[in-house]
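Raw model05.txt, compact mmCIF, C-alpha atoms and all ligand atoms:
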# COMPACT_ATOMS: atom_id res chain seq x y z
CA MET A 610 0.00 0.00 0.00
CA THR A 611 1.29 3.46 -0.88
CA ALA A 612 1.46 6.16 1.78
CA PRO A 613 -1.42 8.65 1.71
CA TYR A 614 -0.64 11.94 -0.02
CA LEU A 615 -1.38 14.18 2.92
CA HIS A 616 -1.38 12.59 6.34
CA PHE A 617 -2.20 14.22 9.68
CA GLN A 618 -0.91 12.00 12.45
CA ALA A 619 -2.19 12.54 16.01
CA VAL A 620 -1.88 16.31 15.63
CA ARG A 621 -2.39 18.16 18.91
CA LYS A 622 -2.20 21.87 19.71
CA THR A 623 -2.70 23.46 23.07
CA TYR A 624 -2.68 27.13 24.08
CA GLY A 625 -2.15 27.06 27.83
CA ASP A 626 -5.18 25.17 29.14
CA VAL A 627 -7.05 25.35 25.84
CA VAL A 628 -6.85 22.22 23.70
CA ALA A 629 -7.41 23.69 20.24
CA ALA A 630 -6.78 20.45 18.31
CA ASP A 631 -6.49 16.96 19.68
CA ARG A 632 -5.67 13.61 18.10
CA VAL A 633 -6.35 14.85 14.61
CA ASP A 634 -5.78 11.85 12.32
CA LEU A 635 -6.65 12.30 8.69
CA GLU A 636 -5.56 10.96 5.31
CA VAL A 637 -6.22 13.05 2.23
CA PRO A 638 -5.63 11.56 -1.23
CA LYS A 639 -4.08 13.71 -3.96
CA GLY A 640 -6.65 15.85 -5.76
CA GLU A 641 -9.32 15.52 -3.10
CA PHE A 642 -11.61 18.36 -2.05
CA MET A 643 -11.64 17.93 1.72
CA THR A 644 -13.68 20.22 3.94
CA PHE A 645 -13.27 20.83 7.66
CA LEU A 646 -16.78 21.46 8.97
CA GLY A 647 -17.61 22.35 12.54
CA PRO A 648 -18.81 25.08 14.88
CA SER A 649 -16.73 28.12 15.75
CA GLY A 650 -13.81 27.23 18.03
CA SER A 651 -13.72 23.53 17.10
CA GLY A 652 -10.10 23.59 15.87
CA LYS A 653 -10.53 23.84 12.10
CA SER A 654 -8.31 26.88 11.53
CA THR A 655 -5.71 25.68 14.01
CA THR A 656 -5.35 22.41 12.10
CA LEU A 657 -5.06 24.27 8.80
CA TYR A 658 -2.50 26.74 10.19
CA ILE A 659 -0.32 23.90 11.44
CA LEU A 660 -0.28 22.51 7.90
CA ALA A 661 0.51 25.96 6.49
CA GLY A 662 3.30 26.40 9.03
CA PHE A 663 1.80 29.43 10.81
CA GLN A 664 1.54 27.37 14.00
CA GLU A 665 3.62 24.54 15.39
CA PRO A 666 1.84 21.50 16.75
CA THR A 667 2.34 20.63 20.43
CA SER A 668 2.74 17.04 19.28
CA GLY A 669 2.02 14.85 16.27
CA ASP A 670 3.17 15.07 12.66
CA ILE A 671 1.95 16.01 9.20
CA GLN A 672 3.36 14.23 6.17
CA LEU A 673 3.08 15.38 2.58
CA GLY A 674 4.11 12.91 -0.11
CA GLY A 675 5.59 10.58 2.52
CA ARG A 676 7.73 13.21 4.30
CA SER A 677 7.19 15.29 7.40
CA ILE A 678 6.60 18.92 6.52
CA LEU A 679 7.24 20.16 10.06
CA PRO A 680 10.97 20.85 9.50
CA VAL A 681 10.14 22.87 6.34
CA PRO A 682 9.70 26.61 6.97
CA SER A 683 6.28 28.02 6.14
CA HIS A 684 7.34 29.94 3.01
CA LYS A 685 9.03 26.86 1.55
CA ARG A 686 6.03 24.55 1.97
CA ASN A 687 4.56 25.74 -1.31
CA ILE A 688 1.03 25.68 0.05
CA GLY A 689 -1.50 28.19 -1.32
CA MET A 690 -3.76 29.95 1.13
CA VAL A 691 -6.95 32.03 0.90
CA PHE A 692 -8.37 33.64 4.03
CA GLN A 693 -11.78 34.89 5.06
CA ARG A 694 -10.89 38.56 4.78
CA TYR A 695 -9.50 40.01 1.62
CA THR A 696 -5.79 40.07 2.01
CA LEU A 697 -4.84 41.77 -1.25
CA PHE A 698 -2.10 44.41 -1.21
CA PRO A 699 -4.16 47.60 -1.55
CA HIS A 700 -1.41 49.56 -3.31
CA LEU A 701 -0.84 46.92 -6.02
CA SER A 702 -2.95 46.34 -9.12
CA VAL A 703 -4.75 43.04 -9.66
CA ARG A 704 -1.95 41.93 -11.98
CA GLU A 705 0.78 42.80 -9.47
CA ASN A 706 -1.11 41.14 -6.61
CA VAL A 707 -1.26 37.90 -8.56
CA ALA A 708 2.35 38.28 -9.74
CA PHE A 709 3.60 38.75 -6.18
CA PRO A 710 4.29 35.09 -5.28
CA LEU A 711 6.17 34.69 -8.58
CA ARG A 712 8.31 37.78 -7.99
CA VAL A 713 9.18 36.45 -4.54
CA ARG A 714 10.27 33.24 -6.28
CA ARG A 715 12.34 35.31 -8.72
CA GLN A 716 10.71 33.99 -11.85
CA SER A 717 11.40 35.62 -15.21
CA GLN A 718 9.15 38.39 -16.53
CA ALA A 719 8.06 36.18 -19.44
CA GLU A 720 7.02 33.42 -17.06
CA ILE A 721 5.26 35.89 -14.79
CA THR A 722 3.24 37.38 -17.66
CA GLN A 723 2.20 33.97 -18.88
CA LYS A 724 1.29 32.53 -15.45
CA VAL A 725 -0.57 35.63 -14.26
CA GLY A 726 -2.58 35.60 -17.49
CA ARG A 727 -3.49 31.98 -16.97
CA ALA A 728 -4.40 32.42 -13.29
CA LEU A 729 -6.65 35.40 -14.06
CA GLU A 730 -8.27 33.43 -16.84
CA LEU A 731 -8.93 30.60 -14.37
CA VAL A 732 -10.90 32.95 -12.10
CA ARG A 733 -12.36 34.81 -15.11
CA LEU A 734 -10.90 38.22 -14.29
CA GLN A 735 -8.70 38.80 -17.37
CA GLU A 736 -10.26 42.21 -18.01
CA PHE A 737 -9.51 43.44 -14.50
CA GLU A 738 -5.71 43.26 -14.63
CA GLU A 739 -5.20 47.00 -14.30
CA ARG A 740 -7.72 47.62 -11.52
CA MET A 741 -6.79 48.33 -7.92
CA PRO A 742 -8.36 46.14 -5.17
CA ALA A 743 -10.54 49.04 -3.95
CA GLN A 744 -12.17 49.13 -7.40
CA LEU A 745 -13.38 45.53 -7.08
CA SER A 746 -16.40 43.99 -5.37
CA GLY A 747 -15.87 41.62 -2.44
CA GLY A 748 -16.43 38.58 -4.62
CA GLN A 749 -13.97 39.81 -7.24
CA GLN A 750 -11.37 40.47 -4.54
CA GLN A 751 -11.72 36.90 -3.29
CA ARG A 752 -11.27 35.63 -6.84
CA VAL A 753 -8.06 37.66 -7.13
CA ALA A 754 -6.91 36.16 -3.82
CA LEU A 755 -7.68 32.73 -5.28
CA ALA A 756 -5.70 33.50 -8.45
CA ARG A 757 -2.78 34.67 -6.32
CA ALA A 758 -2.89 31.46 -4.25
CA LEU A 759 -2.95 29.28 -7.38
CA VAL A 760 -0.51 31.16 -9.61
CA TYR A 761 2.57 29.13 -8.69
CA ASP A 762 0.74 25.79 -9.01
CA PRO A 763 0.87 24.77 -5.36
CA PRO A 764 0.06 21.09 -4.86
CA VAL A 765 -2.21 21.96 -1.92
CA LEU A 766 -4.58 24.89 -1.53
CA LEU A 767 -5.97 25.90 1.87
CA MET A 768 -9.07 28.04 2.17
CA ASP A 769 -10.26 29.31 5.55
CA GLU A 770 -13.90 30.46 5.35
CA PRO A 771 -13.10 32.39 2.15
CA LEU A 772 -16.74 33.21 1.36
CA SER A 773 -18.17 34.00 4.78
CA ALA A 774 -17.98 37.78 4.24
CA LEU A 775 -20.07 37.55 1.04
CA ASP A 776 -23.83 37.52 0.65
CA LYS A 777 -25.65 34.28 -0.12
CA LYS A 778 -26.12 34.72 -3.86
CA LEU A 779 -22.51 35.68 -4.48
CA ARG A 780 -21.36 32.87 -2.19
CA GLU A 781 -23.22 30.29 -4.25
CA GLU A 782 -21.83 31.73 -7.47
CA ILE A 783 -18.24 31.52 -6.23
CA GLN A 784 -18.83 28.02 -4.82
CA LEU A 785 -19.51 26.91 -8.39
CA GLU A 786 -16.35 28.69 -9.56
CA ILE A 787 -14.29 26.96 -6.87
CA ARG A 788 -15.67 23.58 -7.92
CA ARG A 789 -14.80 24.26 -11.54
CA ILE A 790 -11.29 25.41 -10.62
CA HIS A 791 -10.80 22.27 -8.53
CA GLN A 792 -11.85 20.11 -11.46
CA GLU A 793 -9.70 22.01 -13.96
CA THR A 794 -6.52 22.13 -11.88
CA GLY A 795 -6.73 18.90 -9.87
CA VAL A 796 -5.25 20.76 -6.89
CA THR A 797 -5.77 19.15 -3.48
CA ILE A 798 -8.01 21.49 -1.47
CA LEU A 799 -8.53 21.75 2.28
CA TYR A 800 -11.47 24.05 2.86
CA VAL A 801 -12.77 25.34 6.19
CA THR A 802 -16.38 26.29 6.78
CA HIS A 803 -19.00 26.25 9.55
CA ASP A 804 -21.78 26.10 6.93
CA GLN A 805 -23.03 22.56 6.30
CA GLU A 806 -24.70 23.49 3.03
CA GLU A 807 -21.44 24.92 1.68
CA ALA A 808 -19.59 21.80 2.79
CA LEU A 809 -22.12 19.56 1.03
CA ARG A 810 -21.99 21.59 -2.18
CA LEU A 811 -18.21 21.63 -2.48
CA SER A 812 -16.62 18.58 -0.97
CA ASP A 813 -15.57 15.12 -1.98
CA ARG A 814 -15.33 14.35 1.72
CA ILE A 815 -16.02 16.25 4.92
CA ALA A 816 -14.23 16.00 8.27
CA VAL A 817 -16.64 17.03 11.04
CA PHE A 818 -14.83 18.85 13.87
CA ASN A 819 -16.12 19.09 17.42
CA ALA A 820 -14.13 20.46 20.36
CA GLY A 821 -10.75 19.97 18.68
CA ARG A 822 -11.43 16.47 17.41
CA ILE A 823 -12.60 14.98 14.15
CA GLU A 824 -15.83 13.13 14.95
CA GLN A 825 -16.27 11.54 11.53
CA VAL A 826 -14.92 11.72 7.99
CA GLY A 827 -16.89 10.81 4.89
CA SER A 828 -18.81 12.00 1.86
CA GLY A 829 -21.77 14.26 2.59
CA GLN A 830 -24.10 11.42 1.72
CA HIS A 831 -22.32 9.01 4.04
CA LEU A 832 -22.39 11.46 6.96
CA TYR A 833 -26.08 12.10 6.37
CA ASP A 834 -27.02 8.42 6.04
CA GLN A 835 -24.63 6.93 8.57
CA PRO A 836 -23.81 9.55 11.22
CA ALA A 837 -21.44 8.03 13.76
CA THR A 838 -22.47 10.34 16.57
CA ARG A 839 -25.41 12.47 17.62
CA PHE A 840 -23.26 15.55 17.01
CA VAL A 841 -22.70 14.62 13.36
CA ALA A 842 -26.37 13.73 12.93
CA ASP A 843 -27.36 17.10 14.30
CA PHE A 844 -24.78 19.06 12.28
CA ILE A 845 -25.43 17.50 8.85
CA GLY A 846 -28.96 17.69 7.53
CA ASP A 847 -32.23 18.49 9.27
CA SER A 848 -33.13 16.30 12.18
CA ALA A 849 -35.41 15.74 15.14
CA PHE A 850 -34.47 13.71 18.20
CA LEU A 851 -36.98 11.82 20.37
CA SER A 852 -36.22 10.62 23.90
CA ALA A 853 -36.27 6.87 24.35
CA GLU A 854 -34.95 4.11 26.54
CA ILE A 855 -33.14 1.08 25.17
CA GLU A 856 -35.08 -2.14 25.75
CA SER A 857 -32.87 -4.70 24.09
CA VAL A 858 -29.79 -4.81 21.88
CA GLN A 859 -28.94 -7.36 19.22
CA GLY A 860 -26.53 -7.30 16.30
CA GLY A 861 -26.08 -3.52 16.22
CA GLN A 862 -29.84 -2.92 16.42
CA ALA A 863 -31.87 -1.86 19.41
CA ALA A 864 -35.52 -1.97 20.40
CA MET A 865 -36.74 1.00 22.43
CA ARG A 866 -39.45 2.33 24.67
CA PHE A 867 -40.77 5.88 24.59
CA PRO A 868 -41.77 7.96 27.65
CA ASP A 869 -45.47 7.09 27.24
CA GLY A 870 -44.70 3.36 27.22
CA THR A 871 -44.95 2.88 23.44
CA ARG A 872 -42.52 0.21 22.26
CA LEU A 873 -40.79 0.15 18.91
CA GLY A 874 -38.83 -2.49 17.04
CA ALA A 875 -35.21 -2.56 16.03
CA VAL A 876 -33.34 0.40 14.54
CA PRO A 877 -29.55 0.79 14.07
CA LEU A 878 -27.87 1.64 17.39
CA HIS A 879 -24.87 3.99 17.57
CA GLY A 880 -22.58 4.04 20.59
CA ALA A 881 -22.38 1.52 23.39
CA GLY A 882 -25.94 1.09 24.63
CA ALA A 883 -27.39 -1.41 27.09
CA PRO A 884 -30.98 -2.17 28.13
CA GLY A 885 -32.33 0.46 30.49
CA GLN A 886 -30.05 3.18 29.15
CA LYS A 887 -31.38 6.50 27.85
CA ALA A 888 -31.10 7.13 24.13
CA GLU A 889 -32.26 9.48 21.42
CA LEU A 890 -33.99 8.48 18.20
CA LEU A 891 -32.90 10.49 15.14
CA LEU A 892 -35.61 11.11 12.55
CA ARG A 893 -34.81 12.86 9.25
CA PRO A 894 -37.76 14.85 7.87
CA GLU A 895 -37.10 13.58 4.32
CA ARG A 896 -36.70 9.97 5.36
CA ILE A 897 -39.94 9.52 7.21
CA GLY A 898 -43.49 9.44 5.92
CA LEU A 899 -47.03 9.85 7.18
CA SER A 900 -49.88 7.41 6.82
CA GLU A 901 -53.42 7.02 8.10
CA THR A 902 -52.77 3.61 9.59
CA GLY A 903 -49.85 2.23 11.57
CA SER A 904 -49.97 -1.25 10.17
CA GLY A 905 -47.76 -2.90 7.58
CA GLU A 906 -44.83 -0.56 8.15
CA THR A 907 -41.36 -1.37 9.39
CA ALA A 908 -41.96 0.96 12.29
CA ALA A 909 -44.65 3.47 13.10
CA LEU A 910 -45.50 5.97 15.78
CA GLU A 911 -48.78 7.80 16.30
CA VAL A 912 -48.58 11.62 16.25
CA THR A 913 -50.81 14.68 16.16
CA ILE A 914 -50.25 17.22 13.39
CA THR A 915 -49.52 20.66 14.86
CA ASP A 916 -48.63 22.73 11.79
CA VAL A 917 -48.67 22.42 8.01
CA THR A 918 -46.62 24.60 5.64
CA PHE A 919 -47.19 24.22 1.91
CA LEU A 920 -43.95 25.02 0.05
CA GLY A 921 -44.77 24.04 -3.52
CA SER A 922 -42.28 21.25 -4.10
CA SER A 923 -42.91 19.86 -0.62
CA THR A 924 -45.18 20.24 2.38
CA ASP A 925 -43.49 20.61 5.77
CA VAL A 926 -45.54 19.07 8.53
CA ARG A 927 -44.89 19.57 12.24
CA ALA A 928 -46.17 16.89 14.54
CA GLU A 929 -46.16 16.02 18.21
CA THR A 930 -45.81 12.65 19.89
CA ALA A 931 -48.22 11.44 22.59
CA TRP A 932 -45.67 12.55 25.23
CA GLY A 933 -45.28 16.03 23.73
CA GLU A 934 -42.03 15.95 21.75
CA GLY A 935 -41.95 17.62 18.35
CA LEU A 936 -40.67 16.36 15.01
CA PHE A 937 -41.15 17.31 11.42
CA VAL A 938 -41.89 15.50 8.19
CA ARG A 939 -41.19 16.78 4.68
CA LEU A 940 -43.77 15.32 2.31
CA PRO A 941 -42.90 15.44 -1.39
CA PHE A 942 -45.47 16.95 -3.74
CA SER A 943 -46.01 13.46 -5.17
CA ASP A 944 -47.38 12.20 -1.84
CA PRO A 945 -51.21 12.60 -1.91
CA LEU A 946 -51.16 13.40 1.82
CA SER A 947 -49.07 16.52 1.05
CA GLN A 948 -52.27 18.08 -0.36
CA SER A 949 -54.72 16.86 2.28
CA VAL A 950 -52.90 16.85 5.61
CA ARG A 951 -54.47 19.18 8.18
CA ARG A 952 -53.62 20.53 11.59
CA GLY A 953 -55.11 18.48 14.43
CA GLN A 954 -55.17 15.24 12.44
CA ARG A 955 -53.88 12.09 14.11
CA LEU A 956 -51.58 10.17 11.78
CA TRP A 957 -48.78 7.65 11.88
CA VAL A 958 -45.15 8.49 11.25
CA SER A 959 -43.35 5.63 9.59
CA TRP A 960 -39.97 4.88 8.13
CA GLU A 961 -38.09 2.27 6.18
CA ALA A 962 -35.24 0.23 7.61
CA ASN A 963 -32.27 2.59 8.16
CA GLY A 964 -34.59 5.61 8.08
CA ALA A 965 -34.02 6.15 11.79
CA HIS A 966 -31.01 5.82 14.07
CA LEU A 967 -30.79 5.42 17.81
CA PHE A 968 -27.96 7.13 19.71
CA ALA A 969 -27.08 5.90 23.16
CA ALA A 970 -26.84 8.86 25.54
P1 LIG A 1001 -12.25 27.27 14.44
O1 LIG A 1001 -11.39 27.64 13.28
O2 LIG A 1001 -12.87 25.91 14.31
O3 LIG A 1001 -13.29 28.31 14.74
P2 LIG A 1001 -9.83 27.62 16.00
O4 LIG A 1001 -8.92 26.59 15.48
O5 LIG A 1001 -9.63 29.01 15.54
O6 LIG A 1001 -11.34 27.16 15.76
O7 LIG A 1001 -9.76 27.64 17.58
C1 LIG A 1001 -9.82 26.48 18.39
C2 LIG A 1001 -9.67 26.86 19.85
O8 LIG A 1001 -8.35 27.36 20.09
C3 LIG A 1001 -10.62 27.96 20.30
O9 LIG A 1001 -11.00 27.70 21.62
C4 LIG A 1001 -9.75 29.21 20.23
O10 LIG A 1001 -10.21 30.18 21.12
C5 LIG A 1001 -8.39 28.67 20.60
N1 LIG A 1001 -7.29 29.43 19.96
C6 LIG A 1001 -7.07 29.55 18.63
N2 LIG A 1001 -5.98 30.30 18.37
C7 LIG A 1001 -5.51 30.67 19.59
C8 LIG A 1001 -4.38 31.47 20.02
N3 LIG A 1001 -3.54 32.01 19.14
N4 LIG A 1001 -4.21 31.63 21.35
C9 LIG A 1001 -5.07 31.09 22.24
N5 LIG A 1001 -6.12 30.33 21.91
C10 LIG A 1001 -6.36 30.12 20.60
MG MG A 1002 -11.54 29.41 12.09
Go ahead and render the structure in this file as C-alpha cells.
Ligand code: ADP
Ligand code: MG
Amino acid sequence: MTAPYLHFQAVRKTYGDVVAADRVDLEVPKGEFMTFLGPSGSGKSTTLYILAGFQEPTSGDIQLGGRSILPVPSHKRNIGMVFQRYTLFPHLSVRENVAFPLRVRRQSQAEITQKVGRALELVRLQEFEERMPAQLSGGQQQRVALARALVYDPPVLLMDEPLSALDKKLREEIQLEIRRIHQETGVTILYVTHDQEEALRLSDRIAVFNAGRIEQVGSGQHLYDQPATRFVADFIGDSAFLSAEIESVQGGQAAMRFPDGTRLGAVPLHGAGAPGQKAELLLRPERIGLSETGSGETAALEVTITDVTFLGSSTDVRAETAWGEGLFVRLPFSDPLSQSVRRGQRLWVSWEANGAHLFAA
C-alpha cells in the first residue's frame, strides 16, 4: 500500500489550558476536495494553520508525499492559502497582486506574464488586470486572492472560510467557480467552513470537527445516512431527536421504549448502549413518511399534526408525539397526503429500515 498523499498524524495543539486540536488523524488523497466542517472554536483553523506552518503542533506530525513537513519553513512549503478577509495588497494592481508570489520566487518576466494571465483566466478576471483592489467587489477580490494562491501551481490549496464575508447569492456563485477550478486544476483542497450546506456543495469528503477532534470523515451522503455520533447527525442535515430508553440490543440494532410506554422495534444503534439506558432516536424529515394507519410498516408511531406549511415542491408538517415531543416530516409533492394533511389530524409516522437511528446517551 502506498502512503497517503497528505497525512495528519495525532496532531495536537494546546494554548495554555485550551486544547485547540487533539488527536487529529486524517488521510487526504491527492486531488481531493476535503472540507473541515464544525462550529466556531472547534479547531478547524488551528489544524489548517499547522499545515501551512503558521503554528507549530504541540505534538504529532503532518506528512506530505511521505515526508514530514514540520521541518520545512512556512514559506518553503509551497502551500496556497486564501483567508476569510480580503488580504490583497491595496497599493498593487490586480496583476501585481497575482504576480507577487512569482516575484518572490524570482521567476522571469516572461514566465510571470504567462502565469498571471493563466491564473486570471482561471478565475475569469482577465479584463480586470489593471484595476486596484478598492475598485473591485468583495467577490472579485476573493477571486483575485484565489488566483494569487494558485498562480505558482501549489500542490495543496488551503481556504479558511473564504466566502463567509459575502452575501448568499454571491457565495453560491463563487462556490460553483471553486468547484470548476478544482476540477480544472486537480489541486488538493482543504477548505474550512462552519456552513453545512457549503460543505455539502463543495466537498468530496467532509471532516466534522467538534471540540478539537474529528468526529467523523466521509462523503456528505455518508455522513447524512450513517452519522457516527449524535453531534454529526445534528450538524449534517435536518433532524429531530426523540427521547427513548433502550429495551434490548442485538446485532447492532436496538428496540426501544418511549416515555409514554410505546414500544418500537429494532433500529440501528450507535454508541455503546445497554438495556435500560437513555437514548435518542434520530428522525430525518425527508426519510420519514405519514400514513393514516400504523400497520404494515417497518416501524410506526402515532402523532398529532400541529402545523402544516405548503412550500410548492414539498409540504413541511410539524407533529407532536403522545408525550409532547416535536418532530417534522417533509412530504414530497407526489405524496397525496401533502395536499390533504391538516392541523389536528392524528396520523402515523413511519420509516423504512435505516430511516431512523438510535444514539445511546
Ligand atoms: P475554528 O477555526 O474551528 O473556529 P480555532 O482553530 O480558531 O477554531 O480555535 C480552536 C480553539 O483554540 C478555540 O477555543 C480558540 O479560542 C483557541 N485558539 C485559537 N488560536 C488561539 C491562540 N492564538 N491563542 C489562544 N487560543 C487560541
Ligand atoms: Mg476558524
Find, counting only C-alpha atoms, the residue in A:Pro868, A:Gly625, A:Gly898, A:Gly689 that gets nearest to Leu766 in chain A.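 Distance minimum relative to Leu766 in chain A lands on A:Gly689.
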Residue with the minimum atom-to-atom distance to Lys724 in chain A, picked from A:Pro699, A:Gly650, A:Gly669, A:Pro710 with all atoms listed in the file counted, is A:Pro710
Nearest to Ser683 in chain A among A:Leu755, A:Leu731, A:Leu660, A:Val938, with distances taken over all atoms listed in the file: which residue is it? A:Leu660
Show which residues sit within 6 Å of Leu878 in chain A, as a PyMOL selection string. Count all atoms listed in the file, and ignore same-chain residues fewer than 6 positions away. chain A and resi 861-863+967-968
Do a neighbour search on Met690 in chain A at 7 Å with only C-alpha atoms, toss out local chain neighbours closer than 4 positions, and write the hits as a list in words.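 My reading of the contact set: Ala758, Leu766, Leu767 and Met768 of chain A.
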Would you output that residue set with C-alpha atoms, as a PDB file, keeping the file's coordinate frame?
ATOM      1  CA  ALA A 758      -2.890  31.460  -4.250  1.00  0.00           C
ATOM      2  CA  LEU A 766      -4.580  24.890  -1.530  1.00  0.00           C
ATOM      3  CA  LEU A 767      -5.970  25.900   1.870  1.00  0.00           C
ATOM      4  CA  MET A 768      -9.070  28.040   2.170  1.00  0.00           C
TER       5      MET A 768
END
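If you measure from each of A:Gln792, A:Ser668, A:Ser654, A:Ser857 to Asp631 in chain A using all atoms listed in the file, the closest one turns out to be A:Ser668.
Around ligand LIG 1001 (chain A), using all atoms listed in the file and a cut-off of 7 Å, the residues in contact are Tyr624, Val627, Val628, Ala629, Ala630, Gly647, Pro648, Ser649, Gly650, Ser651, Gly652, Lys653, Ser654, Thr655, Thr656 and Gly821 of chain A.
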Mind checking which residues fall within 12 Å of His700 in chain A, counting all atoms listed in the file, ignoring those fewer than 5 positions away in the same chain, and posting them as a PyMOL selection string? chain A and resi 705-706+739-744
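Taking CA of Val703 in chain A and CA of Gln750 in chain A as the two end points, the separation is 8.8 Å.
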Enumerate, as an mmCIF file with C-alpha atoms, keeping the file's coordinate frame, the protein, DNA and RNA residues whose atoms approach (-49.3, 12.7, 2.8) to within 12 Å, taking into account all atoms listed in the file and the coordinate frame of the file.
data_model
loop_
_atom_site.group_PDB
_atom_site.id
_atom_site.type_symbol
_atom_site.label_atom_id
_atom_site.label_comp_id
_atom_site.auth_asym_id
_atom_site.auth_seq_id
_atom_site.Cartn_x
_atom_site.Cartn_y
_atom_site.Cartn_z
ATOM 1 C CA ILE A 897 -39.940 9.520 7.210
ATOM 2 C CA GLY A 898 -43.490 9.440 5.920
ATOM 3 C CA LEU A 899 -47.030 9.850 7.180
ATOM 4 C CA SER A 900 -49.880 7.410 6.820
ATOM 5 C CA GLU A 901 -53.420 7.020 8.100
ATOM 6 C CA THR A 902 -52.770 3.610 9.590
ATOM 7 C CA ILE A 914 -50.250 17.220 13.390
ATOM 8 C CA VAL A 917 -48.670 22.420 8.010
ATOM 9 C CA PHE A 919 -47.190 24.220 1.910
ATOM 10 C CA SER A 923 -42.910 19.860 -0.620
ATOM 11 C CA THR A 924 -45.180 20.240 2.380
ATOM 12 C CA ASP A 925 -43.490 20.610 5.770
ATOM 13 C CA VAL A 926 -45.540 19.070 8.530
ATOM 14 C CA VAL A 938 -41.890 15.500 8.190
ATOM 15 C CA ARG A 939 -41.190 16.780 4.680
ATOM 16 C CA LEU A 940 -43.770 15.320 2.310
ATOM 17 C CA PRO A 941 -42.900 15.440 -1.390
ATOM 18 C CA PHE A 942 -45.470 16.950 -3.740
ATOM 19 C CA SER A 943 -46.010 13.460 -5.170
ATOM 20 C CA ASP A 944 -47.380 12.200 -1.840
ATOM 21 C CA PRO A 945 -51.210 12.600 -1.910
ATOM 22 C CA LEU A 946 -51.160 13.400 1.820
ATOM 23 C CA SER A 947 -49.070 16.520 1.050
ATOM 24 C CA GLN A 948 -52.270 18.080 -0.360
ATOM 25 C CA SER A 949 -54.720 16.860 2.280
ATOM 26 C CA VAL A 950 -52.900 16.850 5.610
ATOM 27 C CA ARG A 951 -54.470 19.180 8.180
ATOM 28 C CA GLN A 954 -55.170 15.240 12.440
ATOM 29 C CA LEU A 956 -51.580 10.170 11.780
ATOM 30 C CA TRP A 957 -48.780 7.650 11.880
ATOM 31 C CA VAL A 958 -45.150 8.490 11.250
ATOM 32 C CA SER A 959 -43.350 5.630 9.590
#
Here is a test: counting only C-alpha atoms, which residue of A:Gly662, A:Gly882, A:Pro877, A:Gly829 is nearest to Gly964 in chain A? A:Pro877
Please complete range 650-661 of chain A so it has N, CA and C atoms, and hand it over as an mmCIF file, keeping the file's coordinate frame.
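Below is the file rebuild.cif, written as the result:
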data_model
loop_
_atom_site.group_PDB
_atom_site.id
_atom_site.type_symbol
_atom_site.label_atom_id
_atom_site.label_comp_id
_atom_site.auth_asym_id
_atom_site.auth_seq_id
_atom_site.Cartn_x
_atom_site.Cartn_y
_atom_site.Cartn_z
ATOM 1 N N GLY A 650 -14.636 27.652 16.896
ATOM 2 C CA GLY A 650 -13.810 27.230 18.030
ATOM 3 C C GLY A 650 -13.542 25.735 18.094
ATOM 4 N N SER A 651 -13.882 24.989 17.039
ATOM 5 C CA SER A 651 -13.720 23.530 17.100
ATOM 6 C C SER A 651 -12.353 23.060 16.608
ATOM 7 N N GLY A 652 -11.477 23.991 16.210
ATOM 8 C CA GLY A 652 -10.100 23.590 15.870
ATOM 9 C C GLY A 652 -9.795 23.497 14.389
ATOM 10 N N LYS A 653 -10.720 23.950 13.544
ATOM 11 C CA LYS A 653 -10.530 23.840 12.100
ATOM 12 C C LYS A 653 -9.355 24.692 11.625
ATOM 13 N N SER A 654 -9.372 25.979 11.992
ATOM 14 C CA SER A 654 -8.310 26.880 11.530
ATOM 15 C C SER A 654 -6.960 26.466 12.106
ATOM 16 N N THR A 655 -6.955 26.100 13.368
ATOM 17 C CA THR A 655 -5.710 25.680 14.010
ATOM 18 C C THR A 655 -5.068 24.540 13.215
ATOM 19 N N THR A 656 -5.867 23.564 12.847
ATOM 20 C CA THR A 656 -5.350 22.410 12.100
ATOM 21 C C THR A 656 -4.791 22.841 10.749
ATOM 22 N N LEU A 657 -5.504 23.763 10.101
ATOM 23 C CA LEU A 657 -5.060 24.270 8.800
ATOM 24 C C LEU A 657 -3.762 25.068 8.943
ATOM 25 N N TYR A 658 -3.682 25.889 9.995
ATOM 26 C CA TYR A 658 -2.500 26.740 10.190
ATOM 27 C C TYR A 658 -1.265 25.914 10.513
ATOM 28 N N ILE A 659 -1.470 24.778 11.162
ATOM 29 C CA ILE A 659 -0.320 23.900 11.440
ATOM 30 C C ILE A 659 0.212 23.339 10.121
ATOM 31 N N LEU A 660 -0.701 22.988 9.216
ATOM 32 C CA LEU A 660 -0.280 22.510 7.900
ATOM 33 C C LEU A 660 0.435 23.611 7.116
ATOM 34 N N ALA A 661 -0.095 24.842 7.221
ATOM 35 C CA ALA A 661 0.510 25.960 6.490
ATOM 36 C C ALA A 661 1.842 26.387 7.099
#
